[in-house]
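Pasting protein.cif here (mmCIF, C-alpha atoms):
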```
data_coords
#
loop_
_atom_site.label_atom_id
_atom_site.label_comp_id
_atom_site.auth_asym_id
_atom_site.auth_seq_id
_atom_site.Cartn_x
_atom_site.Cartn_y
_atom_site.Cartn_z
CA MET A 1 94.69 163.32 96.83
CA ASN A 2 93.18 162.09 93.61
CA VAL A 3 92.35 158.41 93.69
CA HIS A 4 90.48 156.20 91.29
CA TRP A 5 89.84 153.07 93.27
CA ASN A 6 88.22 151.27 90.40
CA GLU A 7 91.38 151.26 88.32
CA HIS A 8 93.31 149.42 91.01
CA GLN A 9 91.43 146.69 92.80
CA GLU A 10 94.14 146.64 95.46
CA PRO A 11 92.52 149.30 97.69
CA LEU A 12 89.46 147.15 98.36
CA GLY A 13 91.51 144.16 99.47
CA THR A 14 93.61 146.35 101.73
CA ALA A 15 90.55 148.09 103.13
CA LEU A 16 88.86 144.80 103.96
CA THR A 17 92.01 143.37 105.53
CA LEU A 18 92.43 146.54 107.56
CA ILE A 19 88.83 146.53 108.76
CA HIS A 20 88.53 142.82 109.47
CA THR A 21 91.94 142.21 111.09
CA ARG A 22 91.58 145.13 113.50
CA GLN A 23 90.80 143.95 116.99
CA SER A 24 90.57 145.88 120.21
CA THR A 25 93.56 145.23 122.45
CA THR A 26 92.92 145.07 126.18
CA SER A 27 94.72 148.11 127.48
CA ARG A 28 96.71 146.03 130.00
CA PHE A 29 98.45 144.41 127.04
CA LEU A 30 99.60 147.66 125.45
CA GLY A 31 103.14 148.92 126.02
CA GLU A 32 106.17 150.68 124.61
CA PRO A 33 106.99 151.67 121.99
CA GLY A 34 104.01 153.93 121.44
CA PRO A 35 103.56 156.17 118.42
CA ASP A 36 106.05 158.98 117.94
CA ARG A 37 104.92 162.56 117.53
CA ALA A 38 104.39 162.29 113.76
CA GLN A 39 102.44 159.06 114.16
CA VAL A 40 100.24 160.61 116.86
CA GLU A 41 99.46 163.43 114.47
CA THR A 42 98.61 161.01 111.65
CA ILE A 43 96.33 158.98 113.92
CA LEU A 44 94.54 161.99 115.34
CA ASP A 45 94.21 163.69 111.94
CA ALA A 46 92.21 160.68 110.76
CA ALA A 47 89.46 161.65 113.18
CA GLY A 48 88.87 164.84 111.22
CA ALA A 49 87.79 162.85 108.16
CA ALA A 50 84.68 161.49 109.90
CA PRO A 51 81.23 162.38 108.56
CA ASP A 52 80.11 165.51 110.34
CA HIS A 53 76.61 166.77 109.58
CA ARG A 54 76.67 170.57 109.27
CA ARG A 55 80.38 170.51 110.11
CA LEU A 56 80.08 171.09 113.85
CA THR A 57 83.07 168.94 114.88
CA PRO A 58 80.80 167.74 117.69
CA TRP A 59 83.59 166.08 119.67
CA ARG A 60 87.08 166.86 120.86
CA LEU A 61 90.15 164.94 122.02
CA VAL A 62 92.43 165.42 125.01
CA ILE A 63 95.85 163.74 125.18
CA VAL A 64 96.88 162.72 128.68
CA PRO A 65 100.69 162.80 128.62
CA SER A 66 102.88 160.61 130.85
CA GLU A 67 103.66 163.39 133.28
CA LYS A 68 99.97 163.95 134.02
CA ARG A 69 98.94 160.33 134.40
CA HIS A 70 99.23 160.44 138.20
CA LEU A 71 96.67 163.24 138.29
CA LEU A 72 94.25 161.20 136.18
CA ALA A 73 94.95 158.24 138.49
CA GLU A 74 93.80 160.33 141.48
CA ALA A 75 90.71 161.38 139.54
CA PHE A 76 89.83 157.74 138.76
CA ALA A 77 90.22 156.82 142.45
CA ASP A 78 88.05 159.76 143.51
CA ALA A 79 85.45 158.90 140.87
CA LEU A 80 85.14 155.48 142.48
CA SER A 81 84.71 157.02 145.94
CA GLU A 82 82.13 159.40 144.50
CA ARG A 83 79.83 156.53 143.53
CA ASP A 84 80.89 154.25 146.40
CA PRO A 85 81.91 156.21 149.47
CA GLU A 86 82.87 152.94 151.16
CA ALA A 87 85.45 152.01 148.50
CA THR A 88 88.64 150.73 150.13
CA GLU A 89 92.16 151.97 149.43
CA ALA A 90 92.82 148.75 147.49
CA GLN A 91 89.76 149.40 145.32
CA ARG A 92 90.79 153.00 144.81
CA LYS A 93 94.24 151.87 143.77
CA GLU A 94 92.80 149.39 141.30
CA ALA A 95 90.53 152.06 139.82
CA SER A 96 93.48 154.41 139.44
CA GLU A 97 95.54 151.97 137.39
CA LYS A 98 93.58 152.66 134.21
CA ALA A 99 95.31 156.03 134.08
CA TYR A 100 98.62 154.37 133.22
CA ARG A 101 97.35 152.30 130.29
CA GLY A 102 98.92 152.68 126.88
CA PRO A 103 101.89 154.84 125.85
CA LEU A 104 99.29 157.07 124.21
CA LEU A 105 96.08 157.81 126.10
CA VAL A 106 93.47 160.09 124.57
CA ALA A 107 90.11 161.10 126.03
CA ALA A 108 87.21 161.58 123.61
CA ILE A 109 84.59 164.13 124.57
CA ALA A 110 81.22 164.81 122.91
CA ARG A 111 80.23 168.43 122.36
CA LEU A 112 76.46 168.45 122.73
CA ASP A 113 75.85 172.20 122.98
CA PRO A 114 72.67 173.02 121.02
CA ALA A 115 74.24 176.40 120.21
CA LEU A 116 76.75 174.64 117.94
CA GLY A 117 73.98 173.88 115.45
CA SER A 118 70.76 171.96 115.05
CA VAL A 119 72.16 168.44 115.02
CA PRO A 120 70.67 166.05 117.60
CA ALA A 121 72.89 164.41 120.21
CA GLN A 122 72.65 160.95 118.69
CA GLU A 123 74.03 162.17 115.35
CA ARG A 124 76.91 163.84 117.14
CA LEU A 125 77.72 160.58 118.90
CA LEU A 126 77.64 158.77 115.55
CA SER A 127 80.16 161.28 114.20
CA ALA A 128 82.36 160.63 117.26
CA GLY A 129 82.12 156.89 116.62
CA CYS A 130 83.18 157.39 112.99
CA ALA A 131 86.11 159.53 114.16
CA LEU A 132 87.23 156.89 116.66
CA GLN A 133 87.02 154.16 114.02
CA ASN A 134 89.22 156.20 111.67
CA MET A 135 91.78 156.51 114.47
CA LEU A 136 91.62 152.79 115.34
CA LEU A 137 92.08 151.80 111.70
CA THR A 138 95.00 154.18 111.22
CA ALA A 139 96.71 152.87 114.36
CA HIS A 140 96.13 149.31 113.16
CA ALA A 141 97.62 150.11 109.74
CA MET A 142 100.75 151.32 111.59
CA GLY A 143 100.95 148.07 113.52
CA PHE A 144 99.79 149.47 116.85
CA GLY A 145 97.18 147.97 119.09
CA ALA A 146 94.42 150.11 120.53
CA GLY A 147 91.35 149.78 122.65
CA LEU A 148 88.54 151.94 123.96
CA LEU A 149 88.29 152.24 127.72
CA THR A 150 85.05 153.17 129.41
CA GLY A 151 83.43 152.58 132.78
CA LYS A 152 81.21 154.32 135.27
CA SER A 153 83.93 156.85 136.04
CA ILE A 154 83.35 158.68 132.77
CA TYR A 155 80.00 159.84 134.14
CA SER A 156 81.50 161.10 137.42
CA LYS A 157 81.64 164.73 138.51
CA ARG A 158 85.29 164.24 139.38
CA LEU A 159 86.29 163.33 135.82
CA ARG A 160 84.08 166.06 134.41
CA GLN A 161 85.98 168.53 136.56
CA PHE A 162 89.32 166.95 135.72
CA PHE A 163 88.73 167.47 132.00
CA GLN A 164 87.07 170.84 132.61
CA LEU A 165 83.95 169.84 130.71
CA ASP A 166 81.25 172.41 130.35
CA ASP A 167 77.63 171.46 131.05
CA THR A 168 77.01 170.50 127.43
CA GLU A 169 79.97 168.16 127.10
CA GLN A 170 80.22 164.48 127.96
CA LEU A 171 83.20 162.17 128.29
CA LEU A 172 82.79 159.26 125.88
CA CYS A 173 85.79 157.00 126.38
CA PHE A 174 89.56 156.82 126.47
CA MET A 175 91.58 155.40 123.62
CA ALA A 176 94.71 153.60 124.78
CA LEU A 177 97.26 152.89 122.10
CA GLY A 178 100.70 151.28 121.82
CA ALA A 179 102.64 148.17 120.93
CA VAL A 180 100.73 144.93 121.44
CA LEU A 181 102.52 143.04 124.25
CA ARG A 182 100.21 140.06 124.11
CA ALA A 183 97.97 139.39 121.15
CA LYS A 184 94.61 137.91 121.89
CA PRO A 185 93.17 135.06 119.84
CA VAL A 186 91.15 136.15 116.84
CA THR A 187 87.52 136.39 117.89
CA SER A 188 84.63 135.55 115.65
CA ARG A 189 82.37 138.41 114.72
CA PRO A 190 78.82 138.84 113.64
CA SER A 191 78.26 139.15 109.92
CA MET A 192 75.58 140.79 107.82
CA ASN A 193 72.91 138.16 108.36
CA ASP A 194 73.21 138.46 112.13
CA TYR A 195 72.09 142.08 112.17
CA THR A 196 70.42 142.79 108.84
CA THR A 197 66.87 142.31 107.63
CA THR A 198 65.20 143.40 104.42
CA LEU A 199 61.87 145.18 104.46
CA MET B 1 93.47 136.64 107.59
CA ASN B 2 97.03 136.92 108.85
CA VAL B 3 98.57 140.29 108.17
CA HIS B 4 101.81 141.87 109.30
CA TRP B 5 101.39 145.50 108.47
CA ASN B 6 104.87 146.42 109.56
CA GLU B 7 106.52 144.34 106.89
CA HIS B 8 104.70 146.18 104.11
CA GLN B 9 104.37 149.92 104.58
CA GLU B 10 101.79 149.95 101.78
CA PRO B 11 98.77 149.37 104.06
CA LEU B 12 99.25 152.64 105.91
CA GLY B 13 99.34 154.69 102.72
CA THR B 14 96.25 152.94 101.43
CA ALA B 15 94.47 153.35 104.75
CA LEU B 16 95.18 157.07 104.87
CA THR B 17 94.12 157.57 101.26
CA LEU B 18 90.95 155.63 101.92
CA ILE B 19 90.11 157.60 105.05
CA HIS B 20 91.02 161.05 103.74
CA THR B 21 89.57 160.79 100.21
CA ARG B 22 86.20 159.53 101.45
CA GLN B 23 83.57 162.23 101.28
CA SER B 24 79.88 162.05 101.89
CA THR B 25 77.91 162.24 98.67
CA THR B 26 74.63 164.13 98.76
CA SER B 27 72.06 161.41 98.19
CA ARG B 28 70.51 163.32 95.26
CA PHE B 29 73.75 162.72 93.37
CA LEU B 30 73.75 158.96 93.81
CA GLY B 31 72.47 156.70 91.04
CA GLU B 32 72.82 153.45 89.17
CA PRO B 33 74.73 151.24 89.12
CA GLY B 34 74.51 150.39 92.79
CA PRO B 35 76.35 147.54 94.45
CA ASP B 36 75.46 144.01 93.37
CA ARG B 37 74.43 141.38 95.88
CA ALA B 38 78.00 140.31 96.71
CA GLN B 39 79.11 143.92 97.13
CA VAL B 40 76.17 144.65 99.43
CA GLU B 41 77.22 141.71 101.55
CA THR B 42 80.83 142.90 101.68
CA ILE B 43 79.78 146.43 102.66
CA LEU B 44 77.37 145.26 105.34
CA ASP B 45 79.78 142.64 106.71
CA ALA B 46 82.24 145.45 107.44
CA ALA B 47 79.81 146.78 110.06
CA GLY B 48 80.31 143.62 112.11
CA ALA B 49 84.00 144.46 112.62
CA ALA B 50 83.19 147.55 114.71
CA PRO B 51 84.28 147.71 118.35
CA ASP B 52 81.44 146.33 120.42
CA HIS B 53 81.84 146.46 124.20
CA ARG B 54 80.57 143.20 125.72
CA ARG B 55 79.56 142.05 122.23
CA LEU B 56 75.95 143.20 122.28
CA THR B 57 75.70 144.15 118.61
CA PRO B 58 73.81 147.20 119.86
CA TRP B 59 72.49 148.20 116.43
CA ARG B 60 70.85 146.60 113.44
CA LEU B 61 70.37 147.36 109.75
CA VAL B 62 67.31 147.23 107.52
CA ILE B 63 67.62 147.25 103.74
CA VAL B 64 64.79 149.08 101.98
CA PRO B 65 64.54 147.41 98.56
CA SER B 66 63.27 149.19 95.44
CA GLU B 67 59.86 147.57 95.56
CA LYS B 68 59.23 148.94 99.06
CA ARG B 69 60.45 152.48 98.49
CA HIS B 70 56.93 153.79 97.83
CA LEU B 71 55.86 152.60 101.27
CA LEU B 72 58.78 154.41 102.90
CA ALA B 73 57.85 157.47 100.81
CA GLU B 74 54.37 157.45 102.35
CA ALA B 75 55.90 157.09 105.79
CA PHE B 76 58.17 160.11 105.22
CA ALA B 77 55.17 162.17 104.07
CA ASP B 78 53.13 161.09 107.11
CA ALA B 79 56.08 161.81 109.43
CA LEU B 80 56.04 165.38 108.15
CA SER B 81 52.30 165.69 108.76
CA GLU B 82 52.82 164.24 112.23
CA ARG B 83 55.02 167.16 113.27
CA ASP B 84 53.29 169.72 111.05
CA PRO B 85 49.60 168.94 110.59
CA GLU B 86 49.36 171.87 108.19
CA ALA B 87 51.97 170.50 105.79
CA THR B 88 50.80 170.88 102.18
CA GLU B 89 50.71 168.15 99.56
CA ALA B 90 53.73 169.74 97.89
CA GLN B 91 55.64 169.60 101.15
CA ARG B 92 54.56 166.01 101.76
CA LYS B 93 55.74 165.08 98.27
CA GLU B 94 59.09 166.73 98.86
CA ALA B 95 59.50 164.88 102.17
CA SER B 96 58.68 161.59 100.49
CA GLU B 97 61.41 161.92 97.87
CA LYS B 98 64.14 160.88 100.29
CA ALA B 99 62.77 157.35 100.09
CA TYR B 100 63.99 157.01 96.51
CA ARG B 101 67.59 158.05 97.17
CA GLY B 102 70.43 155.71 96.27
CA PRO B 103 70.28 152.31 94.57
CA LEU B 104 71.02 150.89 98.04
CA LEU B 105 69.22 152.37 101.02
CA VAL B 106 69.84 150.97 104.48
CA ALA B 107 68.33 152.12 107.77
CA ALA B 108 70.53 151.96 110.87
CA ILE B 109 68.77 151.34 114.18
CA ALA B 110 70.23 151.51 117.70
CA ARG B 111 69.30 148.73 120.13
CA LEU B 112 69.22 150.43 123.51
CA ASP B 113 67.47 147.72 125.54
CA PRO B 114 69.15 147.58 128.99
CA ALA B 115 68.38 143.83 129.02
CA LEU B 116 70.98 143.33 126.27
CA GLY B 117 73.75 144.09 128.77
CA SER B 118 75.14 146.83 130.97
CA VAL B 119 76.52 149.11 128.29
CA PRO B 120 75.28 152.72 128.38
CA ALA B 121 73.43 154.20 125.42
CA GLN B 122 76.26 156.51 124.41
CA GLU B 123 78.69 153.59 124.03
CA ARG B 124 76.18 151.77 121.88
CA LEU B 125 75.88 154.79 119.62
CA LEU B 126 79.67 154.96 119.36
CA SER B 127 79.67 151.33 118.24
CA ALA B 128 77.02 152.17 115.64
CA GLY B 129 79.16 155.07 114.41
CA CYS B 130 82.17 152.76 114.07
CA ALA B 131 80.03 150.27 112.12
CA LEU B 132 78.78 152.99 109.77
CA GLN B 133 82.31 154.24 109.16
CA ASN B 134 83.47 150.72 108.25
CA MET B 135 80.60 150.54 105.73
CA LEU B 136 81.36 153.98 104.28
CA LEU B 137 85.06 153.14 103.88
CA THR B 138 84.29 149.80 102.24
CA ALA B 139 81.87 151.43 99.82
CA HIS B 140 84.47 154.09 99.02
CA ALA B 141 87.15 151.44 98.39
CA MET B 142 84.75 149.91 95.84
CA GLY B 143 84.34 153.26 94.13
CA PHE B 144 80.80 153.93 95.34
CA GLY B 145 79.57 157.15 96.86
CA ALA B 146 77.57 157.13 100.06
CA GLY B 147 75.99 159.50 102.48
CA LEU B 148 74.11 159.42 105.76
CA LEU B 149 70.58 160.80 105.67
CA THR B 150 68.88 162.05 108.78
CA GLY B 151 66.17 164.54 109.62
CA LYS B 152 63.34 165.06 112.06
CA SER B 153 61.41 162.18 110.54
CA ILE B 154 63.67 159.61 112.17
CA TYR B 155 62.17 160.59 115.53
CA SER B 156 58.57 160.26 114.31
CA LYS B 157 56.07 157.69 115.51
CA ARG B 158 55.24 156.92 111.90
CA LEU B 159 58.77 155.82 111.03
CA ARG B 160 59.09 153.93 114.31
CA GLN B 161 55.98 152.00 113.30
CA PHE B 162 57.16 151.57 109.75
CA PHE B 163 60.37 149.90 110.91
CA GLN B 164 58.55 148.08 113.70
CA LEU B 165 60.89 149.42 116.35
CA ASP B 166 60.33 148.28 119.89
CA ASP B 167 60.35 150.84 122.71
CA THR B 168 64.07 150.41 123.31
CA GLU B 169 65.13 150.99 119.71
CA GLN B 170 65.85 154.24 117.91
CA LEU B 171 66.31 155.02 114.23
CA LEU B 172 69.73 156.60 113.70
CA CYS B 173 70.00 157.40 110.01
CA PHE B 174 69.74 156.02 106.51
CA MET B 175 72.77 155.21 104.43
CA ALA B 176 72.25 155.84 100.72
CA LEU B 177 74.80 154.29 98.42
CA GLY B 178 75.50 154.08 94.69
CA ALA B 179 77.44 155.47 91.79
CA VAL B 180 78.45 159.12 92.15
CA LEU B 181 76.55 161.05 89.45
CA ARG B 182 78.06 164.38 90.35
CA ALA B 183 81.19 164.66 92.45
CA LYS B 184 81.37 167.55 94.81
CA PRO B 185 84.50 169.64 95.22
CA VAL B 186 86.91 168.37 97.84
CA THR B 187 86.11 170.12 101.10
CA SER B 188 88.69 171.08 103.65
CA ARG B 189 88.51 169.31 106.96
CA PRO B 190 89.55 169.99 110.48
CA SER B 191 92.84 168.46 111.55
CA MET B 192 94.26 167.38 114.88
CA ASN B 193 95.04 170.85 116.19
CA ASP B 194 91.47 172.00 115.59
CA TYR B 195 90.01 169.51 118.06
CA THR B 196 92.87 168.28 120.25
CA THR B 197 94.40 169.67 123.43
CA THR B 198 96.99 168.17 125.75
CA LEU B 199 96.43 168.11 129.49
#
```
I'd like the structure from this file rewritten - as structure tokens, please.
Amino acid sequence: MNVHWNEHQEPLGTALTLIHTRQSTTSRFLGEPGPDRAQVETILDAAGAAPDHRRLTPWRLVIVPSEKRHLLAEAFADALSERDPEATEAQRKEASEKAYRGPLLVAAIARLDPALGSVPAQERLLSAGCALQNMLLTAHAMGFGAGLLTGKSIYSKRLRQFFQLDDTEQLLCFMALGAVLRAKPVTSRPSMNDYTTTL
Amino acid sequence: MNVHWNEHQEPLGTALTLIHTRQSTTSRFLGEPGPDRAQVETILDAAGAAPDHRRLTPWRLVIVPSEKRHLLAEAFADALSERDPEATEAQRKEASEKAYRGPLLVAAIARLDPALGSVPAQERLLSAGCALQNMLLTAHAMGFGAGLLTGKSIYSKRLRQFFQLDDTEQLLCFMALGAVLRAKPVTSRPSMNDYTTTL
């Protein structure tokens, strides 16, 4: 693609609208219809355009399809029991519900193996963050809502086993994505002066 | 801003062009003119629209203005000597040159203090990555080039002191930004199937 942004001021306005109107949607408020196969591909392809020092692709994605959600649900329940052996069935059930969030559910995994190349872990996580943002923005441009799901379970042995992580990998989060069933009010956000100083 | 992306398919095309035509520019190939004051504000404001679990703003930015670049240059040279006491003057000079890259140079710093809230370090770094990507995309939409600069120096005591980091903070990278003096050839990128599996 050959683009000359300066000749058309439109791209900047669209970019700013895209960036500033995107909000995370609580995964409970995501539902059908989710993205179709072509839309999933477009959203996930956007991740590949993230900055990637030395081109390691230091992260990977795993789609959890509908027919496997019950297995992830069990893993979430077991992850709770792993850190709290006294968790009740009701608590286990609650923990398991995350597995059913969003018509599209994708796990993001960091690849921290030093053998991949001499890029420190924190830079690899930055690349993963950039990739996730590209996906969130693309989903938003399509009119979908999306949110990142985390929690203590992503550090559990049970989820590590479930996703067959090797010792150098780490679960980062899940991205849940679909139609917004209930929009949340627009929240105010910090702006430059809240987080920027000049030397 | 009130936007209904579905009514205008334009935003998706613009979003995808924005995301996929953005490339990192080697900081040596960035020059004047850089962004003016209003553009700097627009670029840095985009960072505030990143996902931010529990709203910690777990990162901050520091602009290094022209008149302070020579001080950063000294810090880069000293950071080299810190890890290699036998570094020569020529090597110190080379290390110091990074300080002069880009009309706009911004340091990104992670705020990892547990007292800020119960969000693990890796999620904070993901938020920082999302913030950086928003800045890179905004700069690209304006027609500027940008690149992230890292290196061993960002882990040095000398740079920690220079940026007056507290014990819970960590330098992540520098973003250099300006006019593209020499465009690099378009590089191929991984796509969905290179990094995605389905359970």
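The gap separating atom CA of B:Ala179 from atom CA of B:Pro33 is 5.7 Å, in Å to one decimal.
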**Request:** I would like the residues chosen by the PyMOL selection byres ((chain A and resi 80-88) around 12) on the shown file; could you give them as a ChimeraX atom specification?
**Result:** /A:73-79,89-96,151-159
**Shell around stretch 50-52 of chain B at 7 Å using all atoms listed in the file, local window under 3 positions removed, as a ChimeraX atom specification** = /A:24 /B:47,55-57,127,130-131
Take the residues from that selection and put them in a file with C-alpha atoms, as a PDB file, keeping the file's coordinate frame.
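Result file is selection.pdb:
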```pdb
ATOM      1  CA  SER A  24      90.570 145.880 120.210  1.00  0.00           C
TER       2      SER A  24
ATOM      3  CA  ALA B  47      79.810 146.780 110.060  1.00  0.00           C
ATOM      4  CA  ARG B  55      79.560 142.050 122.230  1.00  0.00           C
ATOM      5  CA  LEU B  56      75.950 143.200 122.280  1.00  0.00           C
ATOM      6  CA  THR B  57      75.700 144.150 118.610  1.00  0.00           C
ATOM      7  CA  SER B 127      79.670 151.330 118.240  1.00  0.00           C
ATOM      8  CA  CYS B 130      82.170 152.760 114.070  1.00  0.00           C
ATOM      9  CA  ALA B 131      80.030 150.270 112.120  1.00  0.00           C
TER      10      ALA B 131
END
```
Pick out the chain A residues within 6 Å of chain B. Count only C-alpha atoms. Give them as a CSV table (one decimal) with C-alpha atoms, in the coordinates of the input.
```
chain,number,residue,atom,x,y,z
A,5,TRP,CA,89.8,153.1,93.3
A,6,ASN,CA,88.2,151.3,90.4
A,11,PRO,CA,92.5,149.3,97.7
A,12,LEU,CA,89.5,147.2,98.4
A,20,HIS,CA,88.5,142.8,109.5
A,44,LEU,CA,94.5,162.0,115.3
A,45,ASP,CA,94.2,163.7,111.9
A,48,GLY,CA,88.9,164.8,111.2
A,49,ALA,CA,87.8,162.8,108.2
A,60,ARG,CA,87.1,166.9,120.9
A,61,LEU,CA,90.2,164.9,122.0
A,62,VAL,CA,92.4,165.4,125.0
A,63,ILE,CA,95.8,163.7,125.2
A,64,VAL,CA,96.9,162.7,128.7
A,125,LEU,CA,77.7,160.6,118.9
A,126,LEU,CA,77.6,158.8,115.6
A,129,GLY,CA,82.1,156.9,116.6
A,130,CYS,CA,83.2,157.4,113.0
A,133,GLN,CA,87.0,154.2,114.0
A,141,ALA,CA,97.6,150.1,109.7
A,143,GLY,CA,101.0,148.1,113.5
A,190,PRO,CA,78.8,138.8,113.6
A,191,SER,CA,78.3,139.2,109.9
A,192,MET,CA,75.6,140.8,107.8
A,195,TYR,CA,72.1,142.1,112.2
A,196,THR,CA,70.4,142.8,108.8
A,197,THR,CA,66.9,142.3,107.6
A,198,THR,CA,65.2,143.4,104.4
A,199,LEU,CA,61.9,145.2,104.5
```
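Atom CA of B:Ala146 is found 29.1 Å from atom CA of B:Asp167.
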What are the centre and the three edge lengths of an axis-aligned box that wraps all atoms of stretch 10-22 of chain B in the file, given that 8 Å is added to every side, written as lines of an AutoDock Vina configuration file and rounded to one decimal in Å?
```
center_x = 94.0
center_y = 155.2
center_z = 103.1
size_x = 31.6
size_y = 27.7
size_z = 21.7
```
**atom CA of B:Gly31 to atom CA of B:Leu177, distance in Å rounded to a single decimal** = 8.1 Å
Which residues are close to B:Arg28, i.e. within 12 Å by all atoms listed in the file, leaving aside same-chain residues fewer than 6 positions away? Reply as an mmCIF file with C-alpha atoms, in the coordinates of the input.
```cif
data_model
loop_
_atom_site.group_PDB
_atom_site.id
_atom_site.type_symbol
_atom_site.label_atom_id
_atom_site.label_comp_id
_atom_site.auth_asym_id
_atom_site.auth_seq_id
_atom_site.Cartn_x
_atom_site.Cartn_y
_atom_site.Cartn_z
ATOM 1 C CA GLU B 97 61.410 161.920 97.870
ATOM 2 C CA LYS B 98 64.140 160.880 100.290
ATOM 3 C CA ALA B 99 62.770 157.350 100.090
ATOM 4 C CA TYR B 100 63.990 157.010 96.510
ATOM 5 C CA ARG B 101 67.590 158.050 97.170
ATOM 6 C CA GLY B 102 70.430 155.710 96.270
ATOM 7 C CA PRO B 103 70.280 152.310 94.570
ATOM 8 C CA GLY B 145 79.570 157.150 96.860
ATOM 9 C CA ALA B 146 77.570 157.130 100.060
ATOM 10 C CA GLY B 147 75.990 159.500 102.480
ATOM 11 C CA LEU B 148 74.110 159.420 105.760
ATOM 12 C CA LEU B 149 70.580 160.800 105.670
ATOM 13 C CA ALA B 176 72.250 155.840 100.720
ATOM 14 C CA LEU B 177 74.800 154.290 98.420
ATOM 15 C CA GLY B 178 75.500 154.080 94.690
ATOM 16 C CA ALA B 179 77.440 155.470 91.790
ATOM 17 C CA VAL B 180 78.450 159.120 92.150
ATOM 18 C CA LEU B 181 76.550 161.050 89.450
ATOM 19 C CA ARG B 182 78.060 164.380 90.350
ATOM 20 C CA ALA B 183 81.190 164.660 92.450
ATOM 21 C CA LYS B 184 81.370 167.550 94.810
#
```
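Residue nearest A:Asp36 within the list A:Leu116, A:Leu165, A:Ile109, A:Leu104: A:Leu104 [criterion: smallest interatomic distance, all atoms listed in the file].
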